[in-house]
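What follows is a short report on a single structure.
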Amino acid sequence: MAGEPGWVPPGVDTQRANVARVYDYWLGGSHNFLVDQDVGRAIAAVEPNMRAIARANRAFLGRAVRFLAAAGVRQFLDIGSGIPTQGNVHEIAQQADPGARVVYVDIDPVAIAHSRAILARNENAVIIDADLRDPEKILGHDASRHLIDFGRPAGLLLMVVLHFIADAEDPRRIVATLRDALAPGSYLVLGHATDEGKPEVAQATKKVYNHRVATNLHLRPRAEILRFFDGFDLVDPGLVYVPLWRPDSPADVPADPRQFGCLVGVARKP
Ligand SMILES: C[S@@+](CC[C@H](N)C(=O)[O-])C[C@H]1O[C@@H](n2cnc3c(N)ncnc32)[C@H](O)[C@@H]1O
C-alpha cells in the first residue's frame with residue numbers, strides 16, 4: 001500500500017487494529033499504524049490511565065526478570081512477547097549474564113519481523129512464530145529445544161497475553177502443559193487484566209477493544225487468575241496490582257493501585 005513504512009512485513013492488514021500494535025502505541029513505540037493509534041486513543045479516552053498501565057506492566061516485567069536472574073535463572077521462555085521496545089527480556093537477562101538465553105514467541109507478524117531484526121546478531125535469543133494456544137508446538141520447536149534445557153530451571157513469562165485466550169480455549173490447560181514441561185525451581189511470571197478493581201471502566205474498555213481490535217479481550221476476576229498459578233508457589237507479595245509488586249521505590253506506588261487494572265505475580269515451581 002502506498003505510504004506504508006518500509007518495515008511493514010508482507011501480508012499485514014494495516015486497516016484493522018491489532019493487539020501487538022495497539023500496545024506498542026500505548027508504550028510510545030513506532031511500529032503501529034493509524035488504525036492502531038485511533039483505537040489506542042479511543043480506549044485511552046475510556047481509560048485515561050491506559051498508557052501508565054502499559055508502562056507499569058513493562059516496568060514490572062523488568063523487575064520480575066531481574067528477580068529471576070538474581071535467583072539464578074538463565075533461560076527464559078517469553079510467550080506473547082510483543083513488539084520489541086525498551087527493556088526487552090534478553091537485554092535485562094543478558095545484562096545479568098551475557099550467556100542468558102531467551103526464546104520469544106508471538107503470533108504477530110510485526111512483532112516477529114522486528115524481533116528477528118534486533119536479534120539477528122544475538123545467538124542466545126530467538127523469536128518463534130507460534131501460538132500460545134498450541135503449547136506443544138512451542139515446547140517441541142527446534143529453537144526452544146536448542147536454547148532451553150528443560151532439565152534446568154527456566155523462567156516462563158506470560159505477560160498480559162492470557163487474557164487474549166477465551167475460556168473455551170482452555171487457558172488453564174495451556175498453562176498446565178507449559179508448567180509440566182518446566183524443571184523444579186522454574187518460575188512463572190504472569191500478568192492479567194482484571195475487571196475487579198474498577199468494573200465500569202474495565203467493562204467500557206473491553207467493549208471498545210472487542211469492537212475494534214482483531215482479538216477479543218477476556219477480563220477475569222482475581223480468583224480465576226490465581227488458579228493459573230496452580231502447581232506453583234507464589235513469592236511475596238503474591239498476586240497484586242502491578243505497581244505493588246516489589247516496587248523499586250515507595251514513590252512508585254500510587255494512592256490507589258486498583259487504578260492499574262492488571263494483576264501480576266511471580267511463582268516458583270517446587
Ligand atoms: C499486550 S501485548 C504484551 C507484550 C509483552 N508481553 C509485554 O508485556 O510487553 C500481547 C502480545 O501477545 C501476543 N499474542 C496474543 N495472542 C497470542 C497467542 N495466542 N499466541 C502468541 N502470542 C499472542 C500479541 O501479538 C502481543 O504481541
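How things are named: the first chain in the C-alpha cells is A, the next is B, and so on; residues count from 1 in each chain; ligands count from 1 in the order shown.
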
Margin query: Taking only C-alpha atoms and all ligand atoms and a cut-off of 7 Å, can you tell me which residues surround ligand 1, written as number ranges by chain?
Written below: A: 19-20, 23, 57-58, 61, 79-83, 105-108, 111, 130-133, 158-161, 164-165

Export of prior selection with N, CA, C and O atoms as an mmCIF file, in the first residue's frame:
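For reference, out26.cif as written:
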```cif
data_model
loop_
_atom_site.group_PDB
_atom_site.id
_atom_site.type_symbol
_atom_site.label_atom_id
_atom_site.label_comp_id
_atom_site.auth_asym_id
_atom_site.auth_seq_id
_atom_site.Cartn_x
_atom_site.Cartn_y
_atom_site.Cartn_z
ATOM 1 N N VAL A 19 -3.675 -6.345 18.524
ATOM 2 C CA VAL A 19 -3.198 -6.345 19.905
ATOM 3 C C VAL A 19 -1.786 -5.781 20.040
ATOM 4 O O VAL A 19 -1.537 -4.862 20.816
ATOM 5 N N ALA A 20 -0.857 -6.353 19.278
ATOM 6 C CA ALA A 20 0.555 -6.017 19.471
ATOM 7 C C ALA A 20 0.814 -4.552 19.128
ATOM 8 O O ALA A 20 1.537 -3.846 19.835
ATOM 9 N N TYR A 23 -0.721 -2.001 21.616
ATOM 10 C CA TYR A 23 0.107 -1.970 22.841
ATOM 11 C C TYR A 23 1.387 -1.176 22.587
ATOM 12 O O TYR A 23 1.832 -0.393 23.421
ATOM 13 N N ASN A 57 3.169 -2.153 33.452
ATOM 14 C CA ASN A 57 3.318 -3.586 33.147
ATOM 15 C C ASN A 57 4.733 -3.886 32.673
ATOM 16 O O ASN A 57 5.345 -4.878 33.064
ATOM 17 N N ARG A 58 5.241 -3.031 31.823
ATOM 18 C CA ARG A 58 6.593 -3.210 31.262
ATOM 19 C C ARG A 58 7.638 -3.111 32.377
ATOM 20 O O ARG A 58 8.608 -3.853 32.414
ATOM 21 N N LEU A 61 7.660 -6.232 34.320
ATOM 22 C CA LEU A 61 8.368 -7.293 33.589
ATOM 23 C C LEU A 61 9.874 -7.183 33.862
ATOM 24 O O LEU A 61 10.546 -8.184 34.128
ATOM 25 N N ILE A 79 6.301 -15.796 26.168
ATOM 26 C CA ILE A 79 5.240 -16.067 25.176
ATOM 27 C C ILE A 79 4.271 -14.883 25.116
ATOM 28 O O ILE A 79 3.757 -14.444 26.142
ATOM 29 N N GLY A 80 4.022 -14.412 23.888
ATOM 30 C CA GLY A 80 3.251 -13.174 23.711
ATOM 31 C C GLY A 80 4.181 -12.010 24.008
ATOM 32 O O GLY A 80 3.838 -11.070 24.716
ATOM 33 N N SER A 81 5.391 -12.110 23.447
ATOM 34 C CA SER A 81 6.484 -11.195 23.832
ATOM 35 C C SER A 81 6.283 -9.790 23.292
ATOM 36 O O SER A 81 6.825 -8.836 23.825
ATOM 37 N N GLY A 82 5.528 -9.647 22.197
ATOM 38 C CA GLY A 82 5.201 -8.316 21.703
ATOM 39 C C GLY A 82 6.244 -7.718 20.780
ATOM 40 O O GLY A 82 7.262 -8.326 20.455
ATOM 41 N N ILE A 83 5.956 -6.498 20.360
ATOM 42 C CA ILE A 83 6.871 -5.745 19.510
ATOM 43 C C ILE A 83 7.993 -5.226 20.406
ATOM 44 O O ILE A 83 7.718 -4.606 21.433
ATOM 45 N N VAL A 105 8.164 -15.763 21.811
ATOM 46 C CA VAL A 105 7.106 -16.381 20.997
ATOM 47 C C VAL A 105 6.012 -15.342 20.767
ATOM 48 O O VAL A 105 5.567 -14.690 21.720
ATOM 49 N N ASP A 106 5.575 -15.207 19.531
ATOM 50 C CA ASP A 106 4.436 -14.326 19.259
ATOM 51 C C ASP A 106 3.769 -14.785 17.967
ATOM 52 O O ASP A 106 4.342 -15.560 17.201
ATOM 53 N N ILE A 107 2.531 -14.294 17.764
ATOM 54 C CA ILE A 107 1.836 -14.624 16.516
ATOM 55 C C ILE A 107 1.738 -13.420 15.596
ATOM 56 O O ILE A 107 1.246 -13.526 14.492
ATOM 57 N N ASP A 108 2.197 -12.284 16.070
ATOM 58 C CA ASP A 108 2.011 -11.059 15.286
ATOM 59 C C ASP A 108 3.173 -10.858 14.302
ATOM 60 O O ASP A 108 4.339 -10.845 14.718
ATOM 61 N N ALA A 111 5.563 -8.014 15.240
ATOM 62 C CA ALA A 111 6.385 -8.388 16.408
ATOM 63 C C ALA A 111 7.484 -9.369 15.985
ATOM 64 O O ALA A 111 8.636 -9.246 16.401
ATOM 65 N N ALA A 130 4.695 -18.690 16.794
ATOM 66 C CA ALA A 130 3.831 -19.783 17.283
ATOM 67 C C ALA A 130 2.734 -19.205 18.158
ATOM 68 O O ALA A 130 2.814 -18.078 18.632
ATOM 69 N N ASP A 131 1.719 -20.034 18.372
ATOM 70 C CA ASP A 131 0.510 -19.610 19.068
ATOM 71 C C ASP A 131 0.490 -20.215 20.477
ATOM 72 O O ASP A 131 0.670 -21.436 20.628
ATOM 73 N N LEU A 132 0.240 -19.376 21.463
ATOM 74 C CA LEU A 132 0.138 -19.852 22.847
ATOM 75 C C LEU A 132 -0.886 -20.976 22.977
ATOM 76 O O LEU A 132 -0.764 -21.841 23.844
ATOM 77 N N ARG A 133 -1.887 -20.958 22.091
ATOM 78 C CA ARG A 133 -2.929 -21.993 22.165
ATOM 79 C C ARG A 133 -2.417 -23.359 21.743
ATOM 80 O O ARG A 133 -3.134 -24.352 21.850
ATOM 81 N N LEU A 158 4.395 -15.041 30.893
ATOM 82 C CA LEU A 158 3.093 -14.916 30.226
ATOM 83 C C LEU A 158 2.545 -13.544 30.617
ATOM 84 O O LEU A 158 1.664 -13.417 31.465
ATOM 85 N N MET A 159 3.129 -12.549 30.016
ATOM 86 C CA MET A 159 2.859 -11.185 30.452
ATOM 87 C C MET A 159 1.809 -10.523 29.565
ATOM 88 O O MET A 159 2.041 -10.299 28.377
ATOM 89 N N VAL A 160 0.665 -10.248 30.175
ATOM 90 C CA VAL A 160 -0.517 -9.664 29.525
ATOM 91 C C VAL A 160 -0.836 -10.315 28.182
ATOM 92 O O VAL A 160 -1.031 -9.633 27.180
ATOM 93 N N VAL A 161 -0.919 -11.630 28.196
ATOM 94 C CA VAL A 161 -1.276 -12.372 26.981
ATOM 95 C C VAL A 161 -2.418 -13.363 27.225
ATOM 96 O O VAL A 161 -3.242 -13.588 26.343
ATOM 97 N N PHE A 164 -6.038 -12.867 26.231
ATOM 98 C CA PHE A 164 -6.464 -12.986 24.828
ATOM 99 C C PHE A 164 -6.870 -14.420 24.489
ATOM 100 O O PHE A 164 -7.106 -14.756 23.336
ATOM 101 N N ILE A 165 -6.916 -15.255 25.502
ATOM 102 C CA ILE A 165 -7.332 -16.651 25.325
ATOM 103 C C ILE A 165 -8.706 -16.815 25.996
ATOM 104 O O ILE A 165 -8.859 -16.546 27.198
#
```

Next item on the list: Assign secondary structure with DSSP using the backbone only, and return the residues of stretch 25-257 of chain A in strand (DSSP E or B) as a PyMOL selection string.
Entry: chain A and resi 75-79+101-106+125-129+155-159+187-193+213+233-234+240-241

Got time to write the residues from that selection, N, CA and C atoms, as a short mmCIF file (atom, residue, chain, number, x, y, z; two decimals), in the first residue's frame?
```cif
data_model
loop_
_atom_site.label_atom_id
_atom_site.label_comp_id
_atom_site.auth_asym_id
_atom_site.auth_seq_id
_atom_site.Cartn_x
_atom_site.Cartn_y
_atom_site.Cartn_z
N GLN A 75 17.58 -18.95 31.67
CA GLN A 75 16.88 -19.25 30.42
C GLN A 75 15.40 -18.86 30.57
N PHE A 76 14.89 -18.24 29.52
CA PHE A 76 13.57 -17.61 29.59
C PHE A 76 12.76 -17.97 28.36
N LEU A 77 11.48 -18.26 28.59
CA LEU A 77 10.53 -18.50 27.50
C LEU A 77 9.45 -17.43 27.65
N ASP A 78 9.45 -16.47 26.74
CA ASP A 78 8.57 -15.29 26.85
C ASP A 78 7.50 -15.39 25.76
N ILE A 79 6.30 -15.80 26.17
CA ILE A 79 5.24 -16.07 25.18
C ILE A 79 4.27 -14.88 25.12
N ARG A 101 19.81 -17.11 27.99
CA ARG A 101 19.15 -17.47 26.72
C ARG A 101 17.65 -17.13 26.78
N VAL A 102 17.15 -16.61 25.69
CA VAL A 102 15.76 -16.18 25.66
C VAL A 102 15.09 -16.67 24.37
N VAL A 103 13.95 -17.33 24.55
CA VAL A 103 13.10 -17.69 23.40
C VAL A 103 11.84 -16.85 23.49
N TYR A 104 11.65 -16.01 22.51
CA TYR A 104 10.44 -15.21 22.41
C TYR A 104 9.45 -15.95 21.52
N VAL A 105 8.16 -15.76 21.81
CA VAL A 105 7.11 -16.38 21.00
C VAL A 105 6.01 -15.34 20.77
N ASP A 106 5.57 -15.21 19.53
CA ASP A 106 4.44 -14.33 19.26
C ASP A 106 3.77 -14.79 17.97
N ALA A 125 19.37 -15.54 21.69
CA ALA A 125 17.97 -15.14 21.75
C ALA A 125 17.34 -15.28 20.38
N VAL A 126 16.08 -15.72 20.37
CA VAL A 126 15.43 -16.02 19.11
C VAL A 126 13.93 -15.76 19.25
N ILE A 127 13.24 -15.56 18.13
CA ILE A 127 11.77 -15.45 18.17
C ILE A 127 11.17 -16.59 17.37
N ILE A 128 10.14 -17.20 17.95
CA ILE A 128 9.39 -18.26 17.27
C ILE A 128 8.03 -17.71 16.89
N ASP A 129 7.61 -18.02 15.68
CA ASP A 129 6.26 -17.67 15.23
C ASP A 129 5.35 -18.83 15.65
N GLY A 155 12.56 -19.54 33.24
CA GLY A 155 11.52 -18.55 33.54
C GLY A 155 10.49 -18.57 32.43
N LEU A 156 9.23 -18.81 32.78
CA LEU A 156 8.14 -18.79 31.81
C LEU A 156 7.41 -17.46 31.99
N LEU A 157 7.39 -16.65 30.96
CA LEU A 157 6.78 -15.33 31.05
C LEU A 157 5.50 -15.32 30.23
N LEU A 158 4.39 -15.04 30.89
CA LEU A 158 3.09 -14.92 30.23
C LEU A 158 2.55 -13.54 30.62
N MET A 159 3.13 -12.55 30.02
CA MET A 159 2.86 -11.19 30.45
C MET A 159 1.81 -10.52 29.57
N TYR A 187 10.30 -20.67 37.26
CA TYR A 187 9.38 -19.61 37.69
C TYR A 187 8.36 -19.29 36.61
N LEU A 188 7.17 -18.90 37.07
CA LEU A 188 6.14 -18.34 36.20
C LEU A 188 5.98 -16.86 36.54
N VAL A 189 6.04 -16.03 35.50
CA VAL A 189 5.76 -14.60 35.65
C VAL A 189 4.49 -14.33 34.85
N LEU A 190 3.45 -13.85 35.52
CA LEU A 190 2.17 -13.73 34.84
C LEU A 190 1.52 -12.38 35.16
N GLY A 191 0.97 -11.75 34.15
CA GLY A 191 0.19 -10.53 34.34
C GLY A 191 -1.10 -10.67 33.55
N HIS A 192 -2.22 -10.25 34.13
CA HIS A 192 -3.52 -10.49 33.51
C HIS A 192 -4.46 -9.34 33.84
N ALA A 193 -5.17 -8.84 32.84
CA ALA A 193 -6.12 -7.75 33.07
C ALA A 193 -7.32 -8.27 33.86
N VAL A 213 -10.64 -4.15 17.90
CA VAL A 213 -9.34 -4.85 17.76
C VAL A 213 -9.63 -6.28 17.31
N ASP A 233 4.34 -22.01 43.67
CA ASP A 233 4.22 -21.27 44.93
C ASP A 233 4.49 -19.79 44.65
N LEU A 234 3.47 -18.96 44.90
CA LEU A 234 3.66 -17.52 44.68
C LEU A 234 4.71 -16.97 45.63
N VAL A 240 -0.86 -9.33 42.94
CA VAL A 240 -1.17 -7.95 43.35
C VAL A 240 -1.32 -7.04 42.13
N TYR A 241 -1.93 -5.87 42.35
CA TYR A 241 -1.96 -4.87 41.28
C TYR A 241 -0.52 -4.47 40.94
#
```

Next item on the list: Apply DSSP to the backbone of this structure and, from stretch 128-270 of chain A, keep only the residues in alpha helix (DSSP H); write these as a VMD selection string.
Entry: chain A and resid 135 to 140 142 to 147 171 to 181 199 to 212 222 to 227

Margin query: I'd like to know which of A:Gln86, A:His146, A:Ala45, A:Pro135 is closest to A:Ala176, using only C-alpha atoms.
Written below: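 So, comparing all the options, the nearest one is A:Pro135.
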
Next item on the list: Find, counting only C-alpha atoms, the residue in A:Ile118, A:Pro109, A:Arg152, A:Leu68 that gets nearest to A:Asp97.
Entry: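 When distances to A:Asp97 are compared using only C-alpha atoms, the smallest one comes from A:Leu68.
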
Item checked: Selection: 8 Å around A:Ile43, only C-alpha atoms, excl. self and same-chain fewer than 3 positions, as a PyMOL selection string -> chain A and resi 39-40+46-48+50+205+208-209

Checklist line | Proximity to A:Pro153 - best of A:Pro98, A:Pro171, A:Gly62, A:Gly72, only C-alpha atoms | finding: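 Closest to A:Pro153 of all the choices is A:Gly72.
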
Notebook entry, point to check: Which residue out of A:Arg16, A:Arg145, A:Arg220, A:Arg246 has the minimum interatomic distance to A:Ala181 when only C-alpha atoms are used?
Noted result: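 Smallest separation from A:Ala181 among the options: A:Arg145.
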
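Using only C-alpha atoms for every distance, the candidate list A:Arg258, A:Arg51, A:Arg41, A:Arg74 yields A:Arg74 as the residue closest to A:Ser186.
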
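Distances from A:Ala44, A:Ala54, A:Ala267, A:Leu119 to A:Gly28 were compared using only C-alpha atoms, and the smallest one belongs to A:Ala54.
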
Note to self: For a test of reading the model, state the distance in Å between atom CA of A:Ala120 and atom CA of A:Asp24, rounded to one decimal.
What the structure shows: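 Calculated distance between atom CA of A:Ala120 and atom CA of A:Asp24 is 20.9 Å.
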
Notebook entry, point to check: Quick one, how far is atom CA of A:Gln37 from atom CA of A:Asn88?
Noted result: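 Atom CA of A:Asn88 lies at a distance of 22.2 Å from atom CA of A:Gln37.
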